[in-house]
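For reference, run-v6.pdb (PDB, C-alpha atoms, pLDDT in the B column):
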```
ATOM      1  CA  MET A  19      79.604 129.861 114.204  1.00 44.00           C
ATOM      2  CA  SER A  20      81.684 132.401 116.107  1.00 53.00           C
ATOM      3  CA  SER A  21      85.367 131.946 115.448  1.00 79.00           C
ATOM      4  CA  GLN A  22      87.489 131.108 118.448  1.00 92.00           C
ATOM      5  CA  VAL A  23      90.999 129.895 119.147  1.00 97.00           C
ATOM      6  CA  ARG A  24      91.194 126.157 119.724  1.00 97.00           C
ATOM      7  CA  ASN A  25      94.240 124.463 121.178  1.00 98.00           C
ATOM      8  CA  ILE A  26      94.904 120.964 119.873  1.00 98.00           C
ATOM      9  CA  ASP A  27      96.393 119.704 123.143  1.00 97.00           C
ATOM     10  CA  ASP A  28      93.496 121.041 125.202  1.00 97.00           C
ATOM     11  CA  ALA A  29      91.105 119.369 122.797  1.00 97.00           C
ATOM     12  CA  LEU A  30      92.913 116.041 123.017  1.00 97.00           C
ATOM     13  CA  ALA A  31      92.863 116.211 126.803  1.00 97.00           C
ATOM     14  CA  THR A  32      89.069 116.086 126.733  1.00 96.00           C
ATOM     15  CA  ILE A  33      88.892 112.952 124.586  1.00 97.00           C
ATOM     16  CA  THR A  34      88.644 109.698 126.487  1.00 95.00           C
ATOM     17  CA  GLU A  35      87.768 107.137 123.822  1.00 96.00           C
ATOM     18  CA  HIS A  36      89.577 105.818 120.786  1.00 97.00           C
ATOM     19  CA  TRP A  37      88.233 106.216 117.233  1.00 96.00           C
ATOM     20  CA  GLN A  38      85.891 109.059 118.240  1.00 96.00           C
ATOM     21  CA  PRO A  39      86.601 112.112 116.061  1.00 96.00           C
ATOM     22  CA  HIS A  40      85.929 115.525 117.575  1.00 97.00           C
ATOM     23  CA  ARG A  41      85.511 118.691 115.516  1.00 97.00           C
ATOM     24  CA  LEU A  42      88.313 121.162 116.182  1.00 97.00           C
ATOM     25  CA  ALA A  43      87.435 123.693 113.500  1.00 97.00           C
ATOM     26  CA  SER A  44      85.573 124.111 110.232  1.00 97.00           C
ATOM     27  CA  VAL A  45      86.731 125.743 107.009  1.00 97.00           C
ATOM     28  CA  ASN A  46      83.776 126.334 104.714  1.00 97.00           C
ATOM     29  CA  ASP A  47      82.269 122.860 104.291  1.00 97.00           C
ATOM     30  CA  TYR A  48      85.309 120.975 105.605  1.00 98.00           C
ATOM     31  CA  ASP A  49      86.067 119.865 109.170  1.00 97.00           C
ATOM     32  CA  VAL A  50      89.360 119.537 111.001  1.00 97.00           C
ATOM     33  CA  LYS A  51      88.970 116.732 113.525  1.00 97.00           C
ATOM     34  CA  VAL A  52      91.109 115.482 116.385  1.00 98.00           C
ATOM     35  CA  VAL A  53      91.099 111.794 117.233  1.00 98.00           C
ATOM     36  CA  LYS A  54      92.822 109.278 119.478  1.00 98.00           C
ATOM     37  CA  ILE A  55      93.601 105.996 117.770  1.00 98.00           C
ATOM     38  CA  GLN A  56      94.598 102.626 119.188  1.00 98.00           C
ATOM     39  CA  GLY A  57      94.065  99.118 117.894  1.00 98.00           C
ATOM     40  CA  GLU A  58      92.826  98.243 114.431  1.00 97.00           C
ATOM     41  CA  PHE A  59      89.967  99.992 112.635  1.00 96.00           C
ATOM     42  CA  VAL A  60      87.880  98.458 109.843  1.00 96.00           C
ATOM     43  CA  TRP A  61      88.704  98.277 106.147  1.00 97.00           C
ATOM     44  CA  HIS A  62      86.698 100.908 104.344  1.00 97.00           C
ATOM     45  CA  THR A  63      86.611 103.350 101.447  1.00 96.00           C
ATOM     46  CA  HIS A  64      85.402 106.918 101.090  1.00 96.00           C
ATOM     47  CA  PRO A  65      84.001 106.766  97.562  1.00 96.00           C
ATOM     48  CA  ASP A  66      83.562 110.537  97.245  1.00 96.00           C
ATOM     49  CA  THR A  67      86.476 112.139  99.052  1.00 97.00           C
ATOM     50  CA  ASP A  68      90.159 112.119  99.886  1.00 97.00           C
ATOM     51  CA  GLU A  69      91.021 111.877 103.588  1.00 97.00           C
ATOM     52  CA  LEU A  70      94.031 113.563 105.191  1.00 98.00           C
ATOM     53  CA  PHE A  71      95.780 112.089 108.244  1.00 98.00           C
ATOM     54  CA  MET A  72      98.277 114.180 110.223  1.00 98.00           C
ATOM     55  CA  VAL A  73      99.999 112.391 113.101  1.00 98.00           C
ATOM     56  CA  LEU A  74     100.703 114.515 116.170  1.00 98.00           C
ATOM     57  CA  SER A  75     102.179 111.777 118.374  1.00 98.00           C
ATOM     58  CA  GLY A  76     102.727 108.044 118.166  1.00 98.00           C
ATOM     59  CA  GLU A  77     103.090 105.780 115.163  1.00 98.00           C
ATOM     60  CA  LEU A  78     100.156 105.127 112.848  1.00 98.00           C
ATOM     61  CA  THR A  79     100.036 102.458 110.170  1.00 98.00           C
ATOM     62  CA  ILE A  80      97.576 102.990 107.358  1.00 98.00           C
ATOM     63  CA  GLN A  81      97.111  99.637 105.719  1.00 98.00           C
ATOM     64  CA  LEU A  82      96.366  99.849 102.000  1.00 97.00           C
ATOM     65  CA  ARG A  83      95.632  96.798  99.861  1.00 97.00           C
ATOM     66  CA  ASP A  84      99.060  96.924  98.216  1.00 95.00           C
ATOM     67  CA  ARG A  85     101.253  98.320 101.020  1.00 96.00           C
ATOM     68  CA  ASP A  86     101.418  99.726 104.518  1.00 97.00           C
ATOM     69  CA  VAL A  87     102.093 103.422 105.079  1.00 98.00           C
ATOM     70  CA  THR A  88     103.705 104.255 108.413  1.00 98.00           C
ATOM     71  CA  LEU A  89     103.363 107.744 109.863  1.00 98.00           C
ATOM     72  CA  GLY A  90     105.230 109.273 112.789  1.00 98.00           C
ATOM     73  CA  PRO A  91     104.868 112.685 114.423  1.00 98.00           C
ATOM     74  CA  ASP A  92     104.380 115.555 111.937  1.00 98.00           C
ATOM     75  CA  ASP A  93     103.848 113.158 109.048  1.00 98.00           C
ATOM     76  CA  VAL A  94     100.949 113.816 106.697  1.00 98.00           C
ATOM     77  CA  PHE A  95      99.327 111.363 104.286  1.00 98.00           C
ATOM     78  CA  VAL A  96      96.280 111.631 102.076  1.00 98.00           C
ATOM     79  CA  VAL A  97      94.285 108.502 101.323  1.00 97.00           C
ATOM     80  CA  PRO A  98      92.901 109.160  97.849  1.00 97.00           C
ATOM     81  CA  LYS A  99      89.185 108.967  97.173  1.00 97.00           C
ATOM     82  CA  GLY A 100      88.042 105.407  96.588  1.00 97.00           C
ATOM     83  CA  VAL A 101      91.138 103.704  98.018  1.00 97.00           C
ATOM     84  CA  GLN A 102      90.501 100.964 100.572  1.00 97.00           C
ATOM     85  CA  HIS A 103      92.354 101.520 103.822  1.00 97.00           C
ATOM     86  CA  CYS A 104      92.459 100.365 107.426  1.00 98.00           C
ATOM     87  CA  PRO A 105      94.334 102.384 110.082  1.00 98.00           C
ATOM     88  CA  LYS A 106      95.951 100.627 113.027  1.00 98.00           C
ATOM     89  CA  ALA A 107      98.194 101.562 115.934  1.00 98.00           C
ATOM     90  CA  THR A 108      99.811  99.376 118.568  1.00 98.00           C
ATOM     91  CA  ALA A 109     100.167 102.258 121.038  1.00 98.00           C
ATOM     92  CA  GLU A 110      97.950 105.325 121.248  1.00 98.00           C
ATOM     93  CA  VAL A 111      98.219 107.822 118.405  1.00 98.00           C
ATOM     94  CA  HIS A 112      96.963 111.401 118.383  1.00 98.00           C
ATOM     95  CA  ALA A 113      96.005 112.603 114.947  1.00 98.00           C
ATOM     96  CA  LEU A 114      94.216 115.280 112.951  1.00 98.00           C
ATOM     97  CA  LEU A 115      91.869 114.541 110.068  1.00 97.00           C
ATOM     98  CA  PHE A 116      90.824 116.985 107.308  1.00 97.00           C
ATOM     99  CA  GLU A 117      87.822 116.020 105.256  1.00 95.00           C
ATOM    100  CA  PRO A 118      84.463 117.329 104.026  1.00 96.00           C
ATOM    101  CA  LYS A 119      81.656 117.786 106.522  1.00 95.00           C
ATOM    102  CA  GLY A 120      79.502 114.699 106.729  1.00 91.00           C
ATOM    103  CA  THR A 121      82.323 112.254 105.987  1.00 93.00           C
ATOM    104  CA  VAL A 122      81.590 109.125 108.030  1.00 91.00           C
ATOM    105  CA  ASN A 123      84.586 107.516 109.723  1.00 94.00           C
ATOM    106  CA  THR A 124      83.793 104.016 108.479  1.00 94.00           C
ATOM    107  CA  GLY A 125      82.997 105.196 104.944  1.00 94.00           C
ATOM    108  CA  ASP A 126      81.186 102.534 102.936  1.00 94.00           C
ATOM    109  CA  ALA A 127      81.780  99.805 105.538  1.00 94.00           C
ATOM    110  CA  GLY A 128      79.509 100.946 108.366  1.00 94.00           C
ATOM    111  CA  GLY A 129      79.303  98.699 111.409  1.00 94.00           C
ATOM    112  CA  GLU A 130      79.862  99.100 115.106  1.00 91.00           C
ATOM    113  CA  MET A 131      82.897 101.393 114.806  1.00 93.00           C
ATOM    114  CA  THR A 132      80.831 104.039 113.037  1.00 94.00           C
ATOM    115  CA  SER A 133      80.951 107.206 115.119  1.00 92.00           C
ATOM    116  CA  GLN A 134      79.089 110.450 114.883  1.00 87.00           C
ATOM    117  CA  LEU A 135      81.249 113.556 114.869  1.00 92.00           C
ATOM    118  CA  HIS A 136      81.582 114.880 118.423  1.00 93.00           C
ATOM    119  CA  GLU A 137      81.671 118.529 119.394  1.00 92.00           C
ATOM    120  CA  LEU A 138      84.337 119.620 121.855  1.00 91.00           C
ATOM    121  CA  ALA A 139      83.136 120.813 125.233  1.00 82.00           C
TER     122      ALA A 139
ATOM    123  CA  MET B  24      99.028 112.999  92.050  1.00 44.00           C
ATOM    124  CA  SER B  25     100.522 109.938  93.674  1.00 53.00           C
ATOM    125  CA  SER B  26      99.999 109.997  97.399  1.00 79.00           C
ATOM    126  CA  GLN B  27     103.132 110.136  99.497  1.00 92.00           C
ATOM    127  CA  VAL B  28     104.057 110.749 103.099  1.00 97.00           C
ATOM    128  CA  ARG B  29     105.138 114.322 103.774  1.00 97.00           C
ATOM    129  CA  ASN B  30     106.868 115.387 106.960  1.00 98.00           C
ATOM    130  CA  ILE B  31     106.071 118.894 108.122  1.00 98.00           C
ATOM    131  CA  ASP B  32     109.509 119.504 109.645  1.00 97.00           C
ATOM    132  CA  ASP B  33     111.313 118.307 106.523  1.00 97.00           C
ATOM    133  CA  ALA B  34     109.106 120.601 104.459  1.00 97.00           C
ATOM    134  CA  LEU B  35     109.815 123.590 106.680  1.00 97.00           C
ATOM    135  CA  ALA B  36     113.539 122.918 106.472  1.00 97.00           C
ATOM    136  CA  THR B  37     113.427 123.572 102.724  1.00 96.00           C
ATOM    137  CA  ILE B  38     111.717 126.949 103.058  1.00 97.00           C
ATOM    138  CA  THR B  39     114.043 129.931 103.183  1.00 95.00           C
ATOM    139  CA  GLU B  40     111.733 132.928 102.736  1.00 96.00           C
ATOM    140  CA  HIS B  41     108.941 134.383 104.815  1.00 97.00           C
ATOM    141  CA  TRP B  42     105.345 134.647 103.552  1.00 96.00           C
ATOM    142  CA  GLN B  43     105.918 132.039 100.831  1.00 96.00           C
ATOM    143  CA  PRO B  44     103.346 129.238 101.208  1.00 96.00           C
ATOM    144  CA  HIS B  45     104.353 125.766 100.035  1.00 97.00           C
ATOM    145  CA  ARG B  46     101.882 122.999  99.275  1.00 97.00           C
ATOM    146  CA  LEU B  47     102.248 120.102 101.704  1.00 97.00           C
ATOM    147  CA  ALA B  48      99.231 118.091 100.601  1.00 97.00           C
ATOM    148  CA  SER B  49      95.905 118.372  98.832  1.00 97.00           C
ATOM    149  CA  VAL B  50      92.519 117.053  99.888  1.00 97.00           C
ATOM    150  CA  ASN B  51      90.120 117.178  96.966  1.00 97.00           C
ATOM    151  CA  ASP B  52      90.124 120.844  95.930  1.00 97.00           C
ATOM    152  CA  TYR B  53      91.752 122.112  99.134  1.00 98.00           C
ATOM    153  CA  ASP B  54      95.438 122.618  99.905  1.00 97.00           C
ATOM    154  CA  VAL B  55      97.363 122.247 103.139  1.00 97.00           C
ATOM    155  CA  LYS B  56     100.240 124.716 103.027  1.00 97.00           C
ATOM    156  CA  VAL B  57     103.284 125.272 105.215  1.00 98.00           C
ATOM    157  CA  VAL B  58     104.622 128.772 105.655  1.00 98.00           C
ATOM    158  CA  LYS B  59     107.219 130.718 107.618  1.00 98.00           C
ATOM    159  CA  ILE B  60     105.997 134.057 108.900  1.00 98.00           C
ATOM    160  CA  GLN B  61     107.881 137.041 110.272  1.00 98.00           C
ATOM    161  CA  GLY B  62     107.069 140.740 110.260  1.00 98.00           C
ATOM    162  CA  GLU B  63     103.732 142.224 109.279  1.00 97.00           C
ATOM    163  CA  PHE B  64     101.654 141.133 106.274  1.00 96.00           C
ATOM    164  CA  VAL B  65      99.053 143.288 104.507  1.00 96.00           C
ATOM    165  CA  TRP B  66      95.448 143.855 105.484  1.00 97.00           C
ATOM    166  CA  HIS B  67      93.255 141.778 103.208  1.00 97.00           C
ATOM    167  CA  THR B  68      90.060 139.790 102.901  1.00 96.00           C
ATOM    168  CA  HIS B  69      89.187 136.496 101.270  1.00 96.00           C
ATOM    169  CA  PRO B  70      85.690 137.301 100.024  1.00 96.00           C
ATOM    170  CA  ASP B  71      84.848 133.708  99.100  1.00 96.00           C
ATOM    171  CA  THR B  72      86.477 131.495 101.709  1.00 97.00           C
ATOM    172  CA  ASP B  73      87.371 130.890 105.323  1.00 97.00           C
ATOM    173  CA  GLU B  74      91.091 130.509 106.068  1.00 97.00           C
ATOM    174  CA  LEU B  75      92.520 128.228 108.740  1.00 98.00           C
ATOM    175  CA  PHE B  76      95.769 129.033 110.582  1.00 98.00           C
ATOM    176  CA  MET B  77      97.485 126.386 112.698  1.00 98.00           C
ATOM    177  CA  VAL B  78     100.609 127.524 114.540  1.00 98.00           C
ATOM    178  CA  LEU B  79     103.380 124.937 114.838  1.00 98.00           C
ATOM    179  CA  SER B  80     105.964 127.121 116.586  1.00 98.00           C
ATOM    180  CA  GLY B  81     106.285 130.732 117.646  1.00 98.00           C
ATOM    181  CA  GLU B  82     103.605 133.309 118.409  1.00 98.00           C
ATOM    182  CA  LEU B  83     101.363 134.654 115.673  1.00 98.00           C
ATOM    183  CA  THR B  84      99.061 137.648 116.012  1.00 98.00           C
ATOM    184  CA  ILE B  85      96.167 137.841 113.613  1.00 98.00           C
ATOM    185  CA  GLN B  86      94.982 141.419 113.653  1.00 98.00           C
ATOM    186  CA  LEU B  87      91.257 141.807 113.026  1.00 97.00           C
ATOM    187  CA  ARG B  88      89.541 145.180 112.785  1.00 97.00           C
ATOM    188  CA  ASP B  89      87.965 144.801 116.227  1.00 95.00           C
ATOM    189  CA  ARG B  90      90.603 142.765 118.103  1.00 96.00           C
ATOM    190  CA  ASP B  91      93.870 140.900 117.940  1.00 97.00           C
ATOM    191  CA  VAL B  92      93.922 137.095 118.101  1.00 98.00           C
ATOM    192  CA  THR B  93      97.144 135.623 119.470  1.00 98.00           C
ATOM    193  CA  LEU B  94      98.090 132.055 118.610  1.00 98.00           C
ATOM    194  CA  GLY B  95     100.826 129.911 120.142  1.00 98.00           C
ATOM    195  CA  PRO B  96     101.968 126.390 119.272  1.00 98.00           C
ATOM    196  CA  ASP B  97      99.120 123.972 118.510  1.00 98.00           C
ATOM    197  CA  ASP B  98      96.564 126.780 118.402  1.00 98.00           C
ATOM    198  CA  VAL B  99      94.092 126.834 115.528  1.00 98.00           C
ATOM    199  CA  PHE B 100      92.011 129.788 114.343  1.00 98.00           C
ATOM    200  CA  VAL B 101      89.725 130.234 111.370  1.00 98.00           C
ATOM    201  CA  VAL B 102      89.372 133.693 109.837  1.00 97.00           C
ATOM    202  CA  PRO B 103      85.811 133.698 108.507  1.00 97.00           C
ATOM    203  CA  LYS B 104      85.102 134.473 104.892  1.00 97.00           C
ATOM    204  CA  GLY B 105      84.987 138.215 104.242  1.00 97.00           C
ATOM    205  CA  VAL B 106      86.689 139.271 107.481  1.00 97.00           C
ATOM    206  CA  GLN B 107      89.599 141.704 107.132  1.00 97.00           C
ATOM    207  CA  HIS B 108      92.771 140.469 108.765  1.00 97.00           C
ATOM    208  CA  CYS B 109      96.502 141.107 108.889  1.00 98.00           C
ATOM    209  CA  PRO B 110      98.888 138.528 110.374  1.00 98.00           C
ATOM    210  CA  LYS B 111     102.081 139.638 112.104  1.00 98.00           C
ATOM    211  CA  ALA B 112     104.865 138.021 114.097  1.00 98.00           C
ATOM    212  CA  THR B 113     107.802 139.610 115.894  1.00 98.00           C
ATOM    213  CA  ALA B 114     109.847 136.399 115.776  1.00 98.00           C
ATOM    214  CA  GLU B 115     109.607 133.660 113.163  1.00 98.00           C
ATOM    215  CA  VAL B 116     106.462 131.551 113.186  1.00 98.00           C
ATOM    216  CA  HIS B 117     105.937 128.213 111.484  1.00 98.00           C
ATOM    217  CA  ALA B 118     102.341 127.617 110.498  1.00 98.00           C
ATOM    218  CA  LEU B 119      99.974 125.498 108.444  1.00 98.00           C
ATOM    219  CA  LEU B 120      97.194 126.941 106.312  1.00 97.00           C
ATOM    220  CA  PHE B 121      94.154 125.072 105.044  1.00 97.00           C
ATOM    221  CA  GLU B 122      92.089 126.656 102.300  1.00 95.00           C
ATOM    222  CA  PRO B 123      90.651 126.002  98.839  1.00 96.00           C
ATOM    223  CA  LYS B 124      93.024 125.614  95.902  1.00 95.00           C
ATOM    224  CA  GLY B 125      93.607 128.911  94.174  1.00 91.00           C
ATOM    225  CA  THR B 126      93.254 131.024  97.317  1.00 93.00           C
ATOM    226  CA  VAL B 127      95.698 133.915  96.938  1.00 91.00           C
ATOM    227  CA  ASN B 128      97.654 134.863 100.062  1.00 94.00           C
ATOM    228  CA  THR B 129      96.885 138.571  99.773  1.00 94.00           C
ATOM    229  CA  GLY B 130      93.200 138.008  98.961  1.00 94.00           C
ATOM    230  CA  ASP B 131      91.545 141.142  97.598  1.00 93.00           C
ATOM    231  CA  ALA B 132      94.506 143.384  98.448  1.00 94.00           C
ATOM    232  CA  GLY B 133      97.103 142.190  95.945  1.00 94.00           C
ATOM    233  CA  GLY B 134     100.417 144.017  95.921  1.00 93.00           C
ATOM    234  CA  GLU B 135     104.032 143.057  96.287  1.00 91.00           C
ATOM    235  CA  MET B 136     103.494 140.435  99.008  1.00 92.00           C
ATOM    236  CA  THR B 137     101.331 138.353  96.680  1.00 94.00           C
ATOM    237  CA  SER B 138     102.970 134.945  96.286  1.00 92.00           C
ATOM    238  CA  GLN B 139     102.269 132.040  94.037  1.00 87.00           C
ATOM    239  CA  LEU B 140     101.863 128.707  95.757  1.00 92.00           C
ATOM    240  CA  HIS B 141     105.202 126.884  95.790  1.00 93.00           C
ATOM    241  CA  GLU B 142     105.676 123.159  95.349  1.00 92.00           C
ATOM    242  CA  LEU B 143     108.015 121.394  97.770  1.00 91.00           C
ATOM    243  CA  ALA B 144     111.166 119.941  96.305  1.00 82.00           C
TER     244      ALA B 144
END
```

Just give me the structure of the file as structure tokens.
Amino acid sequence: MSSQVRNIDDALATITEHWQPHRLASVNDYDVKVVKIQGEFVWHTHPDTDELFMVLSGELTIQLRDRDVTLGPDDVFVVPKGVQHCPKATAEVHALLFEPKGTVNTGDAGGEMTSQLHELA
Amino acid sequence: MSSQVRNIDDALATITEHWQPHRLASVNDYDVKVVKIQGEFVWHTHPDTDELFMVLSGELTIQLRDRDVTLGPDDVFVVPKGVQHCPKATAEVHALLFEPKGTVNTGDAGGEMTSQLHELA
């Protein structure tokens, strides 16, 4: 892949649907993804990997089984490997995700919210 | 490591020196680092890994042997594995780095600008 400059805001401007991660960049076998989030996702686990959330705008709640974690702009949180979680947001959130290539958004849960990774235009 | 929320701005506020990366979070065997940059670094290569730069504020130039890449706020660029580069900034830049644990800032060059990875307070 040729290396190019990507602007996060330009990338977000091209995304029209919630819960659809788009690949912003790759570092070795990891992807940095941009995503718009609104509503409630599904409870799921990534049995083999941690997952990093970085909020760019809005307020994101990551529900864990024992507590809720609330993230505002410029907050970063890592859901450890194997920990059940369910993100939700009342109003639209823009976020970055860092995780290994091939990580499926719904983890072990599957279902209709499962999305392939989109490439930016 | 217990997982906690980290705020990028709070982290930056604790950093007083340039070119001293601090670990914001870890995802498996990768680190997300925050760093303040000003002046010119050293030409170096990471023979075994890509390196991601994300500019939060300021203007960062990543000199490559065949061109300069200029990054402003919210711009992301990946220096491919094995590519010689030398970052520089006239005024202070705040940036994130994403790379495998153990990646040394000066790569194969070494020298006095080599920094250990710092832990945030």

Picked residues, the PyMOL selection byres ((chain B and resi 135-141) around 9), as a PDB file with C-alpha atoms, in the frame of the given file:
```pdb
ATOM      1  CA  TRP B  42     105.345 134.647 103.552  1.00 96.00           C
ATOM      2  CA  GLN B  43     105.918 132.039 100.831  1.00 96.00           C
ATOM      3  CA  PRO B  44     103.346 129.238 101.208  1.00 96.00           C
ATOM      4  CA  HIS B  45     104.353 125.766 100.035  1.00 97.00           C
ATOM      5  CA  ARG B  46     101.882 122.999  99.275  1.00 97.00           C
ATOM      6  CA  LYS B  56     100.240 124.716 103.027  1.00 97.00           C
ATOM      7  CA  PHE B  64     101.654 141.133 106.274  1.00 96.00           C
ATOM      8  CA  VAL B  65      99.053 143.288 104.507  1.00 96.00           C
ATOM      9  CA  GLY B 125      93.607 128.911  94.174  1.00 91.00           C
ATOM     10  CA  VAL B 127      95.698 133.915  96.938  1.00 91.00           C
ATOM     11  CA  ASN B 128      97.654 134.863 100.062  1.00 94.00           C
ATOM     12  CA  THR B 129      96.885 138.571  99.773  1.00 94.00           C
ATOM     13  CA  GLY B 130      93.200 138.008  98.961  1.00 94.00           C
ATOM     14  CA  ALA B 132      94.506 143.384  98.448  1.00 94.00           C
ATOM     15  CA  GLY B 133      97.103 142.190  95.945  1.00 94.00           C
ATOM     16  CA  GLY B 134     100.417 144.017  95.921  1.00 93.00           C
ATOM     17  CA  GLU B 142     105.676 123.159  95.349  1.00 92.00           C
ATOM     18  CA  LEU B 143     108.015 121.394  97.770  1.00 91.00           C
TER      19      LEU B 143
END
```

- Please indicate the distance in Å from CA of Pro70 in chain B to CA of Asp98 in chain B, rounded to one decimal place. 23.8 Å

- Task: Find the distance between CA of Lys59 in chain B and CA of Thr126 in chain B and write it in Å to one decimal.
- Result: 17.4 Å

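This file gives the following result for the PyMOL selection byres ((chain B and resi 109) around 6): Phe64, Val65, Trp66, Ile85, Gln86, His108 and Pro110 of chain B.
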
Resulting file, chosen residues, C-alpha atoms, as a PDB file, in the coordinates of the input:
```pdb
ATOM      1  CA  PHE B  64     101.654 141.133 106.274  1.00 96.00           C
ATOM      2  CA  VAL B  65      99.053 143.288 104.507  1.00 96.00           C
ATOM      3  CA  TRP B  66      95.448 143.855 105.484  1.00 97.00           C
ATOM      4  CA  ILE B  85      96.167 137.841 113.613  1.00 98.00           C
ATOM      5  CA  GLN B  86      94.982 141.419 113.653  1.00 98.00           C
ATOM      6  CA  HIS B 108      92.771 140.469 108.765  1.00 97.00           C
ATOM      7  CA  PRO B 110      98.888 138.528 110.374  1.00 98.00           C
TER       8      PRO B 110
END
```

- Query: What residues in chain A have any atom no more than 10 Å from chain B when counting only C-alpha atoms, and can you write them as a ChimeraX atom specification?
  - Reply: /A:19-28,42-48,50,66-74,87-99,116-118

- If you measure from CA of Ile38 in chain B to CA of Val57 in chain B, what distance in Å do you get, rounded to one decimal?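 Computing it gives 8.9 Å between the two atoms.
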
- Task: Report the residues retrieved by the PyMOL selection byres ((chain B and resi 68) around 6) from the displayed file, expressed as a list of chain:residue names.
- Result: B:His67, B:His69, B:Pro70, B:Gly105, B:Val106, B:Gln107, B:Gly130, B:Asp131

May I ask you to restore N, CA and C atoms in range 116-135 of chain B and write the result as a PDB file, keeping the file's coordinate frame?
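So the final result, stored in rebuild.pdb, reads:
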```pdb
ATOM      1  N   VAL B 116     107.534 132.508 112.903  1.00 98.00           N
ATOM      2  CA  VAL B 116     106.462 131.551 113.186  1.00 98.00           C
ATOM      3  C   VAL B 116     106.421 130.513 112.073  1.00 98.00           C
ATOM      4  N   HIS B 117     106.212 129.267 112.464  1.00 98.00           N
ATOM      5  CA  HIS B 117     105.937 128.213 111.484  1.00 98.00           C
ATOM      6  C   HIS B 117     104.450 127.880 111.592  1.00 98.00           C
ATOM      7  N   ALA B 118     103.791 127.819 110.461  1.00 98.00           N
ATOM      8  CA  ALA B 118     102.341 127.617 110.498  1.00 98.00           C
ATOM      9  C   ALA B 118     101.874 126.765 109.327  1.00 98.00           C
ATOM     10  N   LEU B 119     100.699 126.166 109.520  1.00 98.00           N
ATOM     11  CA  LEU B 119      99.974 125.498 108.444  1.00 98.00           C
ATOM     12  C   LEU B 119      98.758 126.341 108.077  1.00 98.00           C
ATOM     13  N   LEU B 120      98.406 126.311 106.809  1.00 97.00           N
ATOM     14  CA  LEU B 120      97.194 126.941 106.312  1.00 97.00           C
ATOM     15  C   LEU B 120      96.351 125.882 105.608  1.00 97.00           C
ATOM     16  N   PHE B 121      95.056 125.998 105.721  1.00 97.00           N
ATOM     17  CA  PHE B 121      94.154 125.072 105.044  1.00 97.00           C
ATOM     18  C   PHE B 121      93.082 125.903 104.373  1.00 97.00           C
ATOM     19  N   GLU B 122      93.023 125.821 103.047  1.00 95.00           N
ATOM     20  CA  GLU B 122      92.089 126.656 102.300  1.00 95.00           C
ATOM     21  C   GLU B 122      91.910 126.086 100.894  1.00 95.00           C
ATOM     22  N   PRO B 123      90.898 126.549 100.185  1.00 96.00           N
ATOM     23  CA  PRO B 123      90.651 126.002  98.839  1.00 96.00           C
ATOM     24  C   PRO B 123      91.806 126.300  97.887  1.00 96.00           C
ATOM     25  N   LYS B 124      92.036 125.383  96.956  1.00 95.00           N
ATOM     26  CA  LYS B 124      93.024 125.614  95.902  1.00 95.00           C
ATOM     27  C   LYS B 124      92.718 126.942  95.217  1.00 95.00           C
ATOM     28  N   GLY B 125      93.775 127.661  94.892  1.00 91.00           N
ATOM     29  CA  GLY B 125      93.607 128.911  94.174  1.00 91.00           C
ATOM     30  C   GLY B 125      93.446 130.121  95.071  1.00 91.00           C
ATOM     31  N   THR B 126      93.350 129.888  96.404  1.00 93.00           N
ATOM     32  CA  THR B 126      93.254 131.024  97.317  1.00 93.00           C
ATOM     33  C   THR B 126      94.568 131.792  97.295  1.00 93.00           C
ATOM     34  N   VAL B 127      94.502 133.074  97.021  1.00 91.00           N
ATOM     35  CA  VAL B 127      95.698 133.915  96.938  1.00 91.00           C
ATOM     36  C   VAL B 127      96.002 134.486  98.324  1.00 91.00           C
ATOM     37  N   ASN B 128      97.287 134.484  98.686  1.00 94.00           N
ATOM     38  CA  ASN B 128      97.654 134.863 100.062  1.00 94.00           C
ATOM     39  C   ASN B 128      97.229 136.279 100.427  1.00 94.00           C
ATOM     40  N   THR B 129      97.253 137.191  99.466  1.00 94.00           N
ATOM     41  CA  THR B 129      96.885 138.571  99.773  1.00 94.00           C
ATOM     42  C   THR B 129      95.408 138.873  99.493  1.00 94.00           C
ATOM     43  N   GLY B 130      94.646 137.842  99.147  1.00 94.00           N
ATOM     44  CA  GLY B 130      93.200 138.008  98.961  1.00 94.00           C
ATOM     45  C   GLY B 130      92.868 139.118  97.985  1.00 94.00           C
ATOM     46  N   ASP B 131      92.007 140.048  98.448  1.00 93.00           N
ATOM     47  CA  ASP B 131      91.545 141.142  97.598  1.00 93.00           C
ATOM     48  C   ASP B 131      92.525 142.314  97.562  1.00 93.00           C
ATOM     49  N   ALA B 132      93.604 142.232  98.335  1.00 94.00           N
ATOM     50  CA  ALA B 132      94.506 143.384  98.448  1.00 94.00           C
ATOM     51  C   ALA B 132      95.554 143.412  97.340  1.00 94.00           C
ATOM     52  N   GLY B 133      96.036 142.235  96.942  1.00 94.00           N
ATOM     53  CA  GLY B 133      97.103 142.190  95.945  1.00 94.00           C
ATOM     54  C   GLY B 133      98.368 142.856  96.458  1.00 94.00           C
ATOM     55  N   GLY B 134      99.211 143.305  95.527  1.00 93.00           N
ATOM     56  CA  GLY B 134     100.417 144.017  95.921  1.00 93.00           C
ATOM     57  C   GLY B 134     101.634 143.119  95.949  1.00 93.00           C
ATOM     58  N   GLU B 135     102.719 143.707  96.424  1.00 91.00           N
ATOM     59  CA  GLU B 135     104.032 143.057  96.287  1.00 91.00           C
ATOM     60  C   GLU B 135     104.204 141.823  97.160  1.00 91.00           C
TER      61      GLU B 135
END
```
